[in-house]
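Visitor: Got a structure for you, questions after.
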Amino acid sequence: MAQRDIIRTQAIVLRGMDYSETSRIVTLFTREQGKVSVMAKGARRTKSSYGSTLQPMAYTQVVYYYKPTRTLQMLSESSHVRAFHDLNRRLDKIKIGLRIVELVDALMEEEDPQPAVFAVTLKALDALDRADERIDNLWPFVQLRIARVLGVAPAIDRDNVEAVTDEGGILSLANGGVYPQSARPSHARRASRAALRAFAILARADLDVILRMDLDRQTRARVHQLVAEYMQFQFESAYPTRSRDVISQMKGGEGEW
């Protein structure tokens with residue numbers, strides 16, 4: 001008989017889908033075991049003990065039965081470590097939070113522990129819950145920080161960044177470096193000085209600095225585009241290009257969100 005262990009660990013809920021009239025399959029990003037899929041029997045019942053602990057973005061303490069020969073583990077318990085109340089009340093925060101967990105789900109392998117990615121994800125969701133302003137800065141920050149953890153940090157050189165003039169400069173998708181217009185890096189994308197400097201800050205600065213960055217609408221849109229292009233170049237088809245349907249999830253749509 002295959003060994004069955006009882007695993008107790010903290011987890012961030014990445015996604016879920018209905019399995020039967022009473023059960024759900026939930027994908028967890030656990031601190032110790034990485035990404036794990038579990039069966040939550042009875043989770044769809046009105047009086048389920050799971051409550052809101054299995055909703056995407058929830059930060060929970062879970063207990064599940066683990067068999068190494070099984071790809072779907074059996075969930076036993078789930079409770080909030082901390083409930084992100086404000087995050088789940090504001091649509092703008094929900095959209096960013098769902099993009100964060102979608103990214104983690106796409107880039108993480110099953111049962112591959114990535115404690116640094118777990119820490120980045122948790123810190124970002126916590127900041128998203130607490131912040132009142134400039135929350136749009138969190139999405140590019142999380143992407144670049146996860147890229148750093150996974151070994152593809154942008155090659156930001158301070159002298160090159162400072163050499164970018166008011167006429168703009170270049171971002172290399174190959175290494176994430178910022179260069180003046182006179183440079184000829186591979187896979188170049190031209191952008192304004194403001195956008196490139198913001199990209200460099202997002203790639204290197206701490207979260208408290210990021211949440212103080214005040215970007216105008218045009219610069220913010222270009223930075224988001226540059227970060228998305230960089231991530232797509234680095235991770236290719238693994239990078240998620242389409243967010244899940246937030247409105248359907250909020251309305252309790254059937255099936256996978």
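The way I read the labels, and the way they are meant: chains A, B, ... in the order of the structure tokens, residue 1 as the first residue of every chain, and ligand 1 as the first ligand shown, with later ones counted on from there.
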Out of range 188-244 of chain A, which residues get strand (DSSP E) from DSSP, as a ChimeraX atom specification?

Guide: /A:188-191

Visitor: For the residues in that selection, give me N, CA and C atoms as an mmCIF file, in the first residue's frame.

Guide:
data_model
loop_
_atom_site.group_PDB
_atom_site.id
_atom_site.type_symbol
_atom_site.label_atom_id
_atom_site.label_comp_id
_atom_site.auth_asym_id
_atom_site.auth_seq_id
_atom_site.Cartn_x
_atom_site.Cartn_y
_atom_site.Cartn_z
ATOM 1 N N ALA A 188 15.143 44.870 -29.049
ATOM 2 C CA ALA A 188 14.959 46.182 -28.439
ATOM 3 C C ALA A 188 13.518 46.660 -28.513
ATOM 4 N N ARG A 189 13.115 47.373 -27.467
ATOM 5 C CA ARG A 189 11.834 48.070 -27.433
ATOM 6 C C ARG A 189 12.089 49.509 -26.989
ATOM 7 N N ARG A 190 11.694 50.450 -27.820
ATOM 8 C CA ARG A 190 11.907 51.861 -27.492
ATOM 9 C C ARG A 190 10.810 52.358 -26.550
ATOM 10 N N ALA A 191 11.203 53.260 -25.661
ATOM 11 C CA ALA A 191 10.240 53.813 -24.712
ATOM 12 C C ALA A 191 10.764 55.147 -24.196
#

Visitor: Could you list, as JSON, numbers by chain, every residue within 8 Å of Glu77 in chain A, counting only C-alpha atoms and ignoring same-chain residues fewer than 4 positions away?

Guide: {"A": [50, 61, 62, 63, 64]}

Visitor: Okay, now the selection with N, CA and C atoms, as a PDB file, in the first residue's frame?

Guide:
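As written to disk, out.pdb reads:
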ATOM      1  N   TYR A  50     -15.633  24.776   5.076  1.00  0.00           N
ATOM      2  CA  TYR A  50     -14.540  25.479   4.400  1.00  0.00           C
ATOM      3  C   TYR A  50     -14.812  26.978   4.259  1.00  0.00           C
ATOM      4  N   GLN A  61      -4.462  28.018   6.224  1.00  0.00           N
ATOM      5  CA  GLN A  61      -3.761  26.883   6.826  1.00  0.00           C
ATOM      6  C   GLN A  61      -4.545  25.650   6.411  1.00  0.00           C
ATOM      7  N   VAL A  62      -3.887  24.709   5.738  1.00  0.00           N
ATOM      8  CA  VAL A  62      -4.603  23.542   5.231  1.00  0.00           C
ATOM      9  C   VAL A  62      -4.014  22.262   5.809  1.00  0.00           C
ATOM     10  N   VAL A  63      -4.869  21.233   5.848  1.00  0.00           N
ATOM     11  CA  VAL A  63      -4.445  19.884   6.190  1.00  0.00           C
ATOM     12  C   VAL A  63      -4.964  18.969   5.090  1.00  0.00           C
ATOM     13  N   TYR A  64      -4.078  18.181   4.498  1.00  0.00           N
ATOM     14  CA  TYR A  64      -4.530  17.252   3.470  1.00  0.00           C
ATOM     15  C   TYR A  64      -3.753  15.945   3.566  1.00  0.00           C
TER      16      TYR A  64
END

Visitor: Can you list, as a list in words, every protein, DNA or RNA residue that comes within 7 Å of range 192-202 of chain A when you count only C-alpha atoms, leaving out same-chain residues fewer than 6 positions away?

Guide: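 Result of the neighbour search: Phe141, Ile156, Val161, Val164, Thr165, Asp166, Glu167, Gly168, Gly169, Val178, Ile210, Thr219, Arg222 and Val223 of chain A.
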
Visitor: Using only C-alpha atoms, can you tell me which of A:Val117, A:Ile25, A:Leu211, A:Val101 comes closest to Leu138 in chain A?

Guide: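 Of all the options, A:Leu211 lies closest to Leu138 in chain A.
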
Visitor: For Arg45 in chain A, work out the shell of residues within 8 Å, counting only C-alpha atoms and skipping chain neighbours fewer than 3 positions away, then give it as a list in words.

Guide: Thr22, Ser23, Gly42 and Ser48 of chain A

Visitor: Can you tell me how far CA of Asp214 in chain A sits from CA of Asp132 in chain A, in Å to one decimal?

Guide: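 Here the two named atoms are 13.2 Å from each other.
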
Visitor: Sorted by chain and rising residue number, which residues of range 58-157 of chain A lie within 10 Å of range 27-30 of chain A, and what are their closest atom pairs and distances in Å to one decimal, counting only C-alpha atoms, as CSV?

Guide:
residue,atom,partner,partner_atom,distance
A:Ala58,CA,A:Leu28,CA,9.6
A:Tyr59,CA,A:Phe29,CA,9.7
A:Thr60,CA,A:Thr30,CA,9.3
A:Gln61,CA,A:Thr30,CA,9.2
A:Val62,CA,A:Thr30,CA,8.8
A:Leu72,CA,A:Thr27,CA,9.5
A:Val101,CA,A:Phe29,CA,9.0
A:Val104,CA,A:Phe29,CA,8.2
A:Asp105,CA,A:Phe29,CA,7.9
A:Met108,CA,A:Phe29,CA,8.6
A:Glu110,CA,A:Phe29,CA,9.1
A:Glu111,CA,A:Thr30,CA,8.8
A:Asp112,CA,A:Thr30,CA,9.6
A:Pro113,CA,A:Thr30,CA,7.7
A:Gln114,CA,A:Thr30,CA,8.8
A:Pro115,CA,A:Thr30,CA,8.5
A:Val117,CA,A:Phe29,CA,9.6
A:Phe118,CA,A:Phe29,CA,7.4
A:Thr121,CA,A:Phe29,CA,9.7

Visitor: Among range 84-179 of chain A, which residues does DSSP mark as helix (DSSP H, G or I) when it is run on the backbone? Keep the chain and numbering as in the structure and answer as a count of residues only.

Guide: 53

Visitor: What's the 10 Å shell around Glu133 in chain A, counting only C-alpha atoms, without same-chain residues fewer than 2 positions away, as a PyMOL selection string?

Guide: chain A and resi 128+130-131+135-137+211-214

Visitor: Could you check which of A:Ile96, A:Met231, A:Leu54, A:Val26 is closest to Arg134 in chain A, using only C-alpha atoms?

Guide: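 Using only C-alpha atoms, the shortest distance to Arg134 in chain A belongs to A:Ile96.
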
Visitor: Quick one: pull the distance between CA of Pro154 in chain A and CA of Asn175 in chain A, Å, one decimal.

Guide: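 It comes out at 5.7 Å.
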